[in-house]
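J.: After the structure tokens below, expect a handful of questions from me.
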Amino acid sequence: MTSIGNIGQLVYPEQLSPSIEQIYAKPALRALVDQVGKIQIKIADCEGHPAKWCWGDKTIKLDPKLHRSQVDLIASLVFELFNALQTAALEKAVETSSDVEKVVCSIEKIEYNSALLTNAAMKLIRVGDSEHDFSHVSSTFNIHYALNQISGHSEWLAKAYCPDQK
């Protein structure tokens, strides 16, 4: 059985304690967690992604095998916390349009803003090499969106959130 940690609003596997403690050590990030509210963090396969916010069950799924360092793992957690803060907007994006392109573009915009916020927030954390997946966020949404279309991320979003659409 996996040990469970619990700090504030977060319930998580004990192996994530060092990363969670780094987040809670920074008042701005602790405030982010408090804004998000009670959530769980689970170690899971995220379909090739480092992490995933599952708003239905208020869970961040995290795949530690897809992180190069603790800083990278923390960045993924912070990114998904920002996504969690935008749950209402994510739900609205999925529920209010039958146009797949519109749904995907809306979700990509939300995630782009989360990436920008993550990059800014990660400047508060200095652990070893400070490079992480959000160190080099695209300078504009259009570039970000084009890169995500090329990488397959947008296609993955379409399949995940518009499975009955073509």
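Residues in the structure tokens are named by chain (A, B, ... in the order shown) and by number from 1 within that chain; ligands are numbered from 1 in the order shown.
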Return as a Markdown table the residues of region 4-77 of chain A lying at most 12 Å from region 84-99 of chain A, together with the closest atom-to-atom pair for each and the distance in Å to one decimal, counting only C-alpha atoms, with rows in chain order and ascending residue number.
T.:
```
| residue | atom | partner | partner_atom | distance |
| --- | --- | --- | --- | --- |
| A:Ala31 | CA | A:Leu85 | CA | 11.5 |
| A:Leu32 | CA | A:Leu85 | CA | 8.1 |
| A:Val33 | CA | A:Leu85 | CA | 8.9 |
| A:Asp34 | CA | A:Leu85 | CA | 10.1 |
| A:Gln35 | CA | A:Leu85 | CA | 7.1 |
| A:Val36 | CA | A:Leu85 | CA | 5.3 |
| A:Gly37 | CA | A:Leu85 | CA | 8.9 |
| A:Lys38 | CA | A:Ala84 | CA | 10.6 |
| A:Ile39 | CA | A:Ala84 | CA | 9.1 |
| A:Gln40 | CA | A:Ala84 | CA | 11.3 |
| A:Ile41 | CA | A:Ala84 | CA | 11.8 |
| A:Lys52 | CA | A:Ala84 | CA | 9.8 |
| A:Trp53 | CA | A:Ala84 | CA | 6.4 |
| A:Cys54 | CA | A:Ala84 | CA | 8.3 |
| A:Trp55 | CA | A:Thr87 | CA | 6.4 |
| A:Gly56 | CA | A:Thr87 | CA | 9.4 |
| A:Asp57 | CA | A:Ala84 | CA | 11.2 |
| A:Lys58 | CA | A:Ala84 | CA | 7.9 |
| A:Thr59 | CA | A:Ala84 | CA | 8.9 |
| A:Ile60 | CA | A:Ala84 | CA | 8.4 |
| A:Lys61 | CA | A:Ala84 | CA | 11.8 |
| A:Leu77 | CA | A:Ala84 | CA | 10.3 |
```
J.: How would you write, as a ChimeraX atom specification, the set of residues in chain A that DSSP gives as helix (DSSP H, G or I)?
T.: /A:14-24,27-36,64-66,70-85,87-95,100-122,141-151,153-161
J.: Could the residues in this selection be written to a file with C-alpha atoms, as a compact mmCIF listing (two decimals), in the first residue's frame?
T.:
```txt
# COMPACT_ATOMS: atom_id res chain seq x y z
CA GLU A 14 4.16 10.07 -0.01
CA GLN A 15 6.86 9.81 -2.73
CA LEU A 16 5.79 13.29 -3.90
CA SER A 17 6.42 14.87 -0.48
CA PRO A 18 9.66 16.67 -1.48
CA SER A 19 7.92 18.30 -4.47
CA ILE A 20 4.78 19.21 -2.52
CA GLU A 21 6.90 20.69 0.28
CA GLN A 22 8.73 22.85 -2.31
CA ILE A 23 5.38 24.16 -3.52
CA TYR A 24 4.12 24.83 0.01
CA PRO A 27 3.52 31.67 -0.23
CA ALA A 28 2.31 32.45 -3.77
CA LEU A 29 2.16 28.75 -4.67
CA ARG A 30 0.57 27.86 -1.34
CA ALA A 31 -2.08 30.50 -2.13
CA LEU A 32 -2.63 28.84 -5.52
CA VAL A 33 -3.27 25.48 -3.82
CA ASP A 34 -5.67 27.16 -1.39
CA GLN A 35 -7.55 28.76 -4.32
CA VAL A 36 -7.88 25.43 -6.09
CA PRO A 64 7.03 10.70 -12.72
CA LYS A 65 8.75 8.63 -15.44
CA LEU A 66 8.17 11.50 -17.88
CA GLN A 70 12.28 17.30 -9.47
CA VAL A 71 12.01 20.85 -10.84
CA ASP A 72 10.31 19.48 -13.97
CA LEU A 73 7.87 17.49 -11.82
CA ILE A 74 7.10 20.57 -9.70
CA ALA A 75 6.51 22.60 -12.87
CA SER A 76 3.99 20.00 -14.09
CA LEU A 77 2.19 20.10 -10.75
CA VAL A 78 2.05 23.90 -10.80
CA PHE A 79 0.81 23.87 -14.41
CA GLU A 80 -2.00 21.46 -13.54
CA LEU A 81 -2.88 23.53 -10.46
CA PHE A 82 -3.33 26.53 -12.76
CA ASN A 83 -5.47 24.34 -15.06
CA ALA A 84 -7.48 23.25 -12.02
CA LEU A 85 -8.11 26.89 -11.19
CA THR A 87 -11.96 24.21 -14.37
CA ALA A 88 -15.11 26.27 -15.05
CA ALA A 89 -13.58 27.69 -18.24
CA LEU A 90 -12.41 24.22 -19.35
CA GLU A 91 -15.87 22.76 -18.76
CA LYS A 92 -17.48 25.65 -20.63
CA ALA A 93 -15.12 25.17 -23.58
CA VAL A 94 -16.17 21.53 -23.88
CA GLU A 95 -19.88 21.98 -23.19
CA VAL A 100 -14.09 20.49 -32.52
CA GLU A 101 -11.65 23.17 -33.70
CA LYS A 102 -13.31 25.75 -31.43
CA VAL A 103 -13.23 23.42 -28.42
CA VAL A 104 -9.57 22.52 -28.95
CA CYS A 105 -8.56 26.15 -29.54
CA SER A 106 -10.36 27.23 -26.34
CA ILE A 107 -8.64 24.54 -24.28
CA GLU A 108 -5.27 25.37 -25.84
CA LYS A 109 -5.77 29.06 -24.89
CA ILE A 110 -6.51 28.10 -21.29
CA GLU A 111 -3.46 25.84 -21.20
CA TYR A 112 -1.29 28.52 -22.83
CA ASN A 113 -2.25 30.93 -20.05
CA SER A 114 -1.51 28.21 -17.49
CA ALA A 115 1.92 27.71 -19.10
CA LEU A 116 2.67 31.45 -18.90
CA LEU A 117 1.60 31.53 -15.25
CA THR A 118 3.64 28.40 -14.53
CA ASN A 119 6.76 29.91 -16.07
CA ALA A 120 6.34 33.02 -13.89
CA ALA A 121 5.61 30.96 -10.76
CA MET A 122 8.58 28.66 -11.30
CA PHE A 141 -0.67 31.98 -28.54
CA ASN A 142 -0.60 31.45 -32.32
CA ILE A 143 2.92 29.99 -32.14
CA HIS A 144 1.95 27.87 -29.12
CA TYR A 145 -1.14 26.57 -30.92
CA ALA A 146 0.77 25.76 -34.11
CA LEU A 147 3.42 23.84 -32.12
CA ASN A 148 0.73 21.89 -30.28
CA GLN A 149 -0.96 21.03 -33.57
CA ILE A 150 2.35 19.78 -34.99
CA SER A 151 3.21 17.81 -31.84
CA HIS A 153 -1.31 17.65 -28.48
CA SER A 154 -4.28 19.37 -30.17
CA GLU A 155 -5.30 16.09 -31.81
CA TRP A 156 -5.10 14.37 -28.42
CA LEU A 157 -7.37 17.07 -26.94
CA ALA A 158 -9.87 16.59 -29.78
CA LYS A 159 -9.99 12.83 -29.18
CA ALA A 160 -10.22 13.25 -25.40
CA TYR A 161 -12.90 15.95 -25.31
```
J.: Quick one: distance from CA of Lys123 (chain A) to CA of Lys26 (chain A) in Å, one decimal?
T.: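 Separating CA of Lys123 (chain A) from CA of Lys26 (chain A) is a distance of 10.9 Å.
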J.: Which residues in region 5-120 of chain A does DSSP call strand (DSSP E or B)? List them as number ranges by chain.
T.: A: 5-7, 10-13, 39-43, 51-54, 59-62
J.: Taking N, CA and C atoms for each residue, export the selection above as a compact mmCIF listing (two decimals), in the first residue's frame.
T.:
```
# COMPACT_ATOMS: atom_id res chain seq x y z
N GLY A 5 0.32 11.27 1.70
CA GLY A 5 0.65 12.52 2.36
C GLY A 5 -0.55 13.45 2.29
N ASN A 6 -0.57 14.42 3.17
CA ASN A 6 -1.66 15.38 3.17
C ASN A 6 -1.14 16.68 3.76
N ILE A 7 -1.05 17.69 2.92
CA ILE A 7 -0.69 19.03 3.38
C ILE A 7 -1.79 19.95 2.89
N LEU A 10 -4.15 19.31 -0.31
CA LEU A 10 -3.65 18.26 -1.21
C LEU A 10 -3.54 16.91 -0.53
N VAL A 11 -4.01 15.88 -1.21
CA VAL A 11 -3.80 14.50 -0.79
C VAL A 11 -2.98 13.86 -1.91
N TYR A 12 -1.86 13.23 -1.55
CA TYR A 12 -0.90 12.79 -2.57
C TYR A 12 -0.09 11.60 -2.08
N PRO A 13 0.52 10.85 -3.01
CA PRO A 13 1.40 9.75 -2.62
C PRO A 13 2.63 10.31 -1.88
N ILE A 39 -7.96 18.68 -3.57
CA ILE A 39 -7.76 17.81 -4.72
C ILE A 39 -6.83 16.66 -4.34
N GLN A 40 -6.82 15.65 -5.18
CA GLN A 40 -5.91 14.52 -5.02
C GLN A 40 -4.86 14.57 -6.12
N ILE A 41 -3.71 14.04 -5.81
CA ILE A 41 -2.67 13.84 -6.81
C ILE A 41 -2.37 12.35 -6.82
N LYS A 42 -2.40 11.76 -8.00
CA LYS A 42 -2.15 10.33 -8.13
C LYS A 42 -1.03 10.08 -9.13
N ILE A 43 -0.27 9.03 -8.87
CA ILE A 43 0.72 8.56 -9.83
C ILE A 43 -0.04 7.68 -10.83
N ALA A 51 1.62 15.07 -17.07
CA ALA A 51 0.58 15.24 -16.05
C ALA A 51 -0.74 15.59 -16.73
N LYS A 52 -1.82 15.47 -15.96
CA LYS A 52 -3.14 15.72 -16.52
C LYS A 52 -4.09 16.12 -15.40
N TRP A 53 -4.87 17.18 -15.61
CA TRP A 53 -5.91 17.58 -14.67
C TRP A 53 -7.21 16.90 -15.08
N CYS A 54 -7.76 16.12 -14.17
CA CYS A 54 -9.04 15.43 -14.40
C CYS A 54 -10.09 16.11 -13.54
N THR A 59 -8.69 15.47 -9.64
CA THR A 59 -7.43 14.75 -9.48
C THR A 59 -6.40 15.22 -10.50
N ILE A 60 -5.19 15.44 -10.03
CA ILE A 60 -4.06 15.62 -10.93
C ILE A 60 -3.38 14.26 -11.04
N LYS A 61 -3.30 13.76 -12.26
CA LYS A 61 -2.56 12.52 -12.50
C LYS A 61 -1.17 12.92 -12.98
N LEU A 62 -0.19 12.23 -12.46
CA LEU A 62 1.20 12.59 -12.70
C LEU A 62 1.99 11.34 -13.04
```
J.: Could you check how far CA of Glu47 (chain A) sits from CA of Arg68 (chain A), in Å to one decimal?
T.: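 If I compute the distance from CA of Glu47 (chain A) to CA of Arg68 (chain A), I get 17.3 Å.
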